[in-house]
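Participant: Sending over work29.pdb (PDB, C-alpha atoms).
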```pdb
MODEL        1
ATOM      1  CA  MET D   1      29.391-195.077  12.696
ATOM      2  CA  PRO D   2      28.693-191.398  13.486
ATOM      3  CA  PRO D   3      25.365-190.068  12.251
ATOM      4  CA  ARG D   4      25.337-188.267   8.921
ATOM      5  CA  HIS D   5      22.749-185.760   7.907
ATOM      6  CA  ASP D   6      24.114-184.941   4.469
ATOM      7  CA  ARG D   7      22.523-188.053   2.976
ATOM      8  CA  PRO D   8      19.382-190.133   3.363
ATOM      9  CA  LEU D   9      19.297-192.459   6.360
ATOM     10  CA  ARG D  10      20.183-196.008   5.354
ATOM     11  CA  VAL D  11      17.446-198.382   6.526
ATOM     12  CA  LEU D  12      17.102-202.164   6.665
ATOM     13  CA  GLN D  13      13.645-203.707   6.359
ATOM     14  CA  TRP D  14      13.395-206.826   8.538
ATOM     15  CA  THR D  15      10.792-209.159   6.977
ATOM     16  CA  THR D  16       8.220-208.453   4.301
ATOM     17  CA  GLY D  17       4.943-209.924   5.529
ATOM     18  CA  ASN D  18       1.763-207.931   6.059
ATOM     19  CA  ILE D  19       3.288-205.090   8.120
ATOM     20  CA  GLY D  20       6.826-205.430   6.746
ATOM     21  CA  SER D  21       5.736-205.013   3.127
ATOM     22  CA  ARG D  22       3.885-201.825   4.075
ATOM     23  CA  SER D  23       6.944-200.542   5.932
ATOM     24  CA  LEU D  24       9.127-201.398   2.941
ATOM     25  CA  HIS D  25       6.818-199.467   0.620
ATOM     26  CA  ALA D  26       6.924-196.488   3.014
ATOM     27  CA  ILE D  27      10.734-196.569   3.121
ATOM     28  CA  LEU D  28      10.954-196.580  -0.667
ATOM     29  CA  SER D  29       8.529-193.652  -0.905
ATOM     30  CA  ARG D  30      10.635-191.311   1.230
ATOM     31  CA  ALA D  31      13.478-189.235  -0.198
ATOM     32  CA  ASP D  32      15.094-188.981   3.254
ATOM     33  CA  LEU D  33      15.459-192.786   3.508
ATOM     34  CA  GLU D  34      17.574-195.185   1.456
ATOM     35  CA  LEU D  35      16.925-198.918   1.495
ATOM     36  CA  ALA D  36      20.140-200.621   2.611
ATOM     37  CA  GLY D  37      18.856-204.194   2.659
ATOM     38  CA  VAL D  38      15.916-206.525   3.206
ATOM     39  CA  TYR D  39      15.775-209.552   5.490
ATOM     40  CA  ALA D  40      13.482-212.297   4.197
ATOM     41  CA  HIS D  41      12.199-215.022   6.471
ATOM     42  CA  GLY D  42      10.584-217.141   3.770
ATOM     43  CA  ARG D  43      12.743-219.016   1.272
ATOM     44  CA  ASP D  44      10.352-217.967  -1.512
ATOM     45  CA  LYS D  45      11.336-214.306  -0.973
ATOM     46  CA  ILE D  46      15.121-214.696  -0.900
ATOM     47  CA  GLY D  47      16.744-213.249  -4.012
ATOM     48  CA  ARG D  48      13.679-211.231  -5.028
ATOM     49  CA  ASP D  49      13.877-207.474  -5.565
ATOM     50  CA  ALA D  50      12.454-205.392  -2.728
ATOM     51  CA  ALA D  51      10.067-203.703  -5.162
ATOM     52  CA  GLU D  52       8.454-207.014  -6.018
ATOM     53  CA  LEU D  53       7.916-207.766  -2.327
ATOM     54  CA  CYS D  54       5.939-204.587  -1.615
ATOM     55  CA  GLY D  55       4.309-203.597  -4.899
ATOM     56  CA  TRP D  56       6.763-200.798  -5.707
ATOM     57  CA  PRO D  57       6.502-199.820  -9.406
ATOM     58  CA  GLU D  58      10.189-200.092 -10.355
ATOM     59  CA  PRO D  59      13.073-202.383  -9.339
ATOM     60  CA  THR D  60      15.291-201.185  -6.488
ATOM     61  CA  GLY D  61      18.317-203.372  -7.100
ATOM     62  CA  VAL D  62      18.093-204.476  -3.450
ATOM     63  CA  LEU D  63      17.550-208.216  -3.203
ATOM     64  CA  ALA D  64      16.048-209.864  -0.129
ATOM     65  CA  THR D  65      18.354-212.163   1.821
ATOM     66  CA  ASP D  66      18.449-214.262   4.968
ATOM     67  CA  ASP D  67      22.161-213.511   5.475
ATOM     68  CA  VAL D  68      22.136-211.585   8.768
ATOM     69  CA  GLU D  69      25.883-210.895   8.703
ATOM     70  CA  ALA D  70      25.653-209.378   5.218
ATOM     71  CA  LEU D  71      22.832-207.105   6.353
ATOM     72  CA  LEU D  72      24.763-206.032   9.460
ATOM     73  CA  ALA D  73      27.683-205.131   7.185
ATOM     74  CA  THR D  74      25.639-202.747   4.988
ATOM     75  CA  GLY D  75      26.383-199.703   7.134
ATOM     76  CA  ALA D  76      22.688-199.203   7.842
ATOM     77  CA  ASP D  77      21.693-196.466  10.268
ATOM     78  CA  ALA D  78      18.412-198.073  11.280
ATOM     79  CA  CYS D  79      16.220-201.120  10.900
ATOM     80  CA  CYS D  80      12.452-201.240  10.557
ATOM     81  CA  TYR D  81      11.943-204.541  12.417
ATOM     82  CA  ASN D  82       8.567-206.166  11.636
ATOM     83  CA  PRO D  83       8.751-209.949  12.046
ATOM     84  CA  LEU D  84       5.639-211.909  12.935
ATOM     85  CA  TRP D  85       7.825-214.043  15.199
ATOM     86  CA  PRO D  86      10.606-211.828  16.592
ATOM     87  CA  ASP D  87      14.045-213.387  16.940
ATOM     88  CA  LEU D  88      15.990-212.249  19.995
ATOM     89  CA  ASP D  89      19.320-213.226  18.396
ATOM     90  CA  HIS D  90      18.573-211.051  15.350
ATOM     91  CA  LEU D  91      17.406-208.140  17.499
ATOM     92  CA  CYS D  92      20.488-208.275  19.714
ATOM     93  CA  ALA D  93      22.798-208.520  16.690
ATOM     94  CA  LEU D  94      21.212-205.393  15.180
ATOM     95  CA  LEU D  95      21.473-203.470  18.446
ATOM     96  CA  ALA D  96      25.042-204.584  19.155
ATOM     97  CA  ALA D  97      26.030-203.478  15.627
ATOM     98  CA  GLY D  98      24.841-199.959  16.478
ATOM     99  CA  ILE D  99      21.813-200.155  14.207
ATOM    100  CA  ASP D 100      18.843-198.262  15.632
ATOM    101  CA  VAL D 101      15.722-200.422  15.720
ATOM    102  CA  VAL D 102      12.163-199.263  15.130
ATOM    103  CA  THR D 103       9.535-201.952  15.546
ATOM    104  CA  THR D 104       5.835-202.684  15.662
ATOM    105  CA  ALA D 105       6.544-205.841  17.658
ATOM    106  CA  ALA D 106       4.761-205.195  20.961
ATOM    107  CA  TRP D 107       6.766-207.936  22.693
ATOM    108  CA  ILE D 108       9.782-205.656  22.647
ATOM    109  CA  THR D 109       8.251-203.310  25.234
ATOM    110  CA  GLY D 110       9.398-205.687  27.958
ATOM    111  CA  GLY D 111       6.211-207.307  29.170
ATOM    112  CA  LYS D 112       6.773-210.708  27.590
ATOM    113  CA  GLN D 113      10.502-211.303  28.026
ATOM    114  CA  SER D 114      12.194-213.241  30.756
ATOM    115  CA  PRO D 115      14.671-211.350  32.946
ATOM    116  CA  ALA D 116      17.494-213.090  31.027
ATOM    117  CA  ASP D 117      16.093-211.918  27.667
ATOM    118  CA  LEU D 118      15.709-208.352  28.944
ATOM    119  CA  ALA D 119      19.305-208.456  30.174
ATOM    120  CA  ARG D 120      20.450-209.553  26.693
ATOM    121  CA  ILE D 121      18.569-206.680  25.044
ATOM    122  CA  GLU D 122      19.964-204.229  27.599
ATOM    123  CA  GLN D 123      23.527-205.450  27.043
ATOM    124  CA  ALA D 124      23.150-205.271  23.272
ATOM    125  CA  GLY D 125      22.000-201.695  23.712
ATOM    126  CA  LYS D 126      25.007-200.856  25.838
ATOM    127  CA  ASP D 127      27.204-202.370  23.143
ATOM    128  CA  GLY D 128      25.948-200.194  20.340
ATOM    129  CA  VAL D 129      22.368-198.976  20.011
ATOM    130  CA  MET D 130      21.365-195.348  20.064
ATOM    131  CA  LEU D 131      17.610-195.937  19.800
ATOM    132  CA  LEU D 132      15.101-198.733  20.291
ATOM    133  CA  LEU D 133      11.616-197.497  19.428
ATOM    134  CA  SER D 134       8.585-199.741  19.808
ATOM    135  CA  ASP D 135       5.045-199.047  18.689
ATOM    136  CA  SER D 136       1.953-199.958  20.678
ATOM    137  CA  THR D 137      -1.653-199.311  19.767
ATOM    138  CA  ASN D 138      -2.982-199.567  23.343
ATOM    139  CA  ALA D 139      -5.599-201.897  21.883
ATOM    140  CA  GLU D 140      -6.543-203.184  25.331
ATOM    141  CA  ARG D 141      -7.611-199.708  26.517
ATOM    142  CA  GLN D 142     -11.221-198.589  26.130
ATOM    143  CA  GLY D 143     -12.088-195.223  24.689
ATOM    144  CA  ARG D 144     -10.035-192.922  22.519
ATOM    145  CA  THR D 145      -6.432-191.891  22.710
ATOM    146  CA  VAL D 146      -4.967-188.522  21.817
ATOM    147  CA  SER D 147      -4.280-187.851  18.152
ATOM    148  CA  GLU D 148      -1.058-188.972  16.532
ATOM    149  CA  ALA D 149      -0.234-185.310  15.916
ATOM    150  CA  GLU D 150      -0.411-184.662  19.678
ATOM    151  CA  VAL D 151       1.682-187.753  20.396
ATOM    152  CA  ALA D 152       4.217-186.503  17.830
ATOM    153  CA  ARG D 153       4.462-183.079  19.501
ATOM    154  CA  GLN D 154       4.915-184.654  22.931
ATOM    155  CA  LEU D 155       7.547-187.118  21.713
ATOM    156  CA  GLU D 156       9.479-184.429  19.837
ATOM    157  CA  THR D 157       9.638-182.403  23.056
ATOM    158  CA  LEU D 158      10.686-185.457  25.049
ATOM    159  CA  ILE D 159      13.328-186.611  22.564
ATOM    160  CA  ALA D 160      14.805-183.134  22.179
ATOM    161  CA  GLY D 161      15.599-183.073  25.899
ATOM    162  CA  LEU D 162      17.228-186.498  26.192
ATOM    163  CA  ASP D 163      20.946-186.913  26.948
ATOM    164  CA  ARG D 164      21.092-190.654  27.407
ATOM    165  CA  LYS D 165      22.789-192.949  24.911
ATOM    166  CA  SER D 166      20.025-195.530  24.892
ATOM    167  CA  THR D 167      16.356-194.664  24.777
ATOM    168  CA  ARG D 168      13.331-196.951  24.543
ATOM    169  CA  LEU D 169      10.012-195.309  23.751
ATOM    170  CA  ASN D 170       6.591-196.846  23.406
ATOM    171  CA  SER D 171       4.223-194.847  21.208
ATOM    172  CA  SER D 172       1.151-195.145  19.045
ATOM    173  CA  HIS D 173       2.542-193.011  16.233
ATOM    174  CA  ARG D 174       4.003-194.141  12.922
ATOM    175  CA  CYS D 175       7.397-195.726  13.596
ATOM    176  CA  ILE D 176       9.163-194.584  10.443
ATOM    177  CA  SER D 177       8.385-190.896  10.986
ATOM    178  CA  TYR D 178       9.729-191.062  14.514
ATOM    179  CA  ALA D 179      12.798-192.972  13.436
ATOM    180  CA  VAL D 180      13.715-190.222  10.993
ATOM    181  CA  PHE D 181      13.142-187.525  13.596
ATOM    182  CA  CYS D 182      15.087-189.391  16.304
ATOM    183  CA  LEU D 183      18.015-190.286  14.068
ATOM    184  CA  LYS D 184      18.341-186.700  12.903
ATOM    185  CA  LYS D 185      18.533-185.602  16.553
ATOM    186  CA  LYS D 186      21.599-187.809  17.215
TER     187      LYS D 186
ENDMDL
END
```
Output the file's structure in the form of structure tokens.
Facilitator:
Amino acid sequence: MPPRHDRPLRVLQWTTGNIGSRSLHAILSRADLELAGVYAHGRDKIGRDAAELCGWPEPTGVLATDDVEALLATGADACCYNPLWPDLDHLCALLAAGIDVVTTAAWITGGKQSPADLARIEQAGKDGVMLLLSDSTNAERQGRTVSEAEVARQLETLIAGLDRKSTRLNSSHRCISYAVFCLKKK
């Protein structure tokens, strides 16, 4: 699906735990994003309105589901992928469907996958993804890092100069803000 900039970006929220519920709330609060669907891992969340799952004040009409195929069929532009236990099959299905993935899951940066898993992610990207963006807090590093505003300026400069179809970035900035910027650059 070619990118459209005459409408809000359609976003899936993948899981609604601690981080996912915050991401879901952030998606609902932005006029430039439209919630396309919500993946629920827990049976107790399936069928519940997205608003109920993140403390949003009014119903959204978007019900959480565990039906991956239905979510892939929503025409979403991007997915905010926040599972506690990432699922490589789900990730590859999203990427192969051409859905850009933004995640806080540090495992996605490549350090914890087998060569076979990395090859699967790479192939899924070749099949459809435009962007795979992963967040990292650099928690293992002592001292202070540059401000998020500085990281944002540097990433905007970097992204503006990219020609490649598939890009994987690792940053410490807020994933949703970067996703909007990156998707609008496509």
Participant: For a test of reading the model, state the distance in Å between atom CA of D:Val102 and atom CA of D:Glu69, rounded to one decimal.
Facilitator: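 Value for the atom CA of D:Val102-atom CA of D:Glu69 distance: 19.1 Å.
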Participant: Can you tell me which residues surround D:Arg48 at a distance of at most 8 Å, considering all atoms listed in the file, apart from same-chain residues fewer than 3 positions away, and format the answer as a list in words?
Facilitator: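 Using all atoms listed in the file, the neighbours found are Lys45, Glu52, Leu53, Leu63 and Ala64 of chain D.
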Participant: On this structure, which residues satisfy the PyMOL selection byres ((chain D and resi 60) around 12), written as an NGL selection string?
Facilitator: :D and (24-25 or 27-29 or 34-38 or 48-59 or 61-64)
Participant: Using atom CA of D:Ala26 and atom CA of D:Ala124 as the two end points, give the distance in Å to one decimal.
Facilitator: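 We find that atom CA of D:Ala26 and atom CA of D:Ala124 lie 27.4 Å from each other.
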Participant: Report the distance between atom CA of D:Cys92 and atom CA of D:Gln123 in Å, rounded to one decimal place.
Facilitator: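 These two atoms are separated by 8.4 Å.
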Participant: Fewer than 2 positions away in the same chain doesn't count, so skip those; otherwise give me all residues within 12 Å of D:Trp14, counting only C-alpha atoms, as a ChimeraX atom specification.
Facilitator: /D:11-12,16-24,27,35-42,50,64-68,71-72,78-87,90-91,94,101-105
Participant: Could you list, as a list in words, every residue within 12 Å of D:Arg120, counting all atoms listed in the file and ignoring same-chain residues fewer than 4 positions away?
Facilitator: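 These residues fall inside the cut-off: Leu88, Asp89, His90, Leu91, Cys92, Ala93, Leu95, Ala96, Gly110, Gln113, Ser114, Pro115, Ala116, Ala124, Gly125, Lys126 and Asp127 of chain D.
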Participant: Report as a list in words all protein, DNA and RNA residues lying within 10 Å of D:Arg7, evaluated on only C-alpha atoms, omitting residues in the same chain fewer than 5 positions from it.
Facilitator: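 After dropping sequence-adjacent residues, the list is Ala31, Asp32, Leu33 and Glu34 of chain D.
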Participant: Measuring between only C-alpha atoms, which one of D:Ile46, D:Leu118, D:Arg10, D:Thr15 shows the shortest distance to D:Gly75?
Facilitator: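 Using only C-alpha atoms, D:Gly75 sits closest to D:Arg10.
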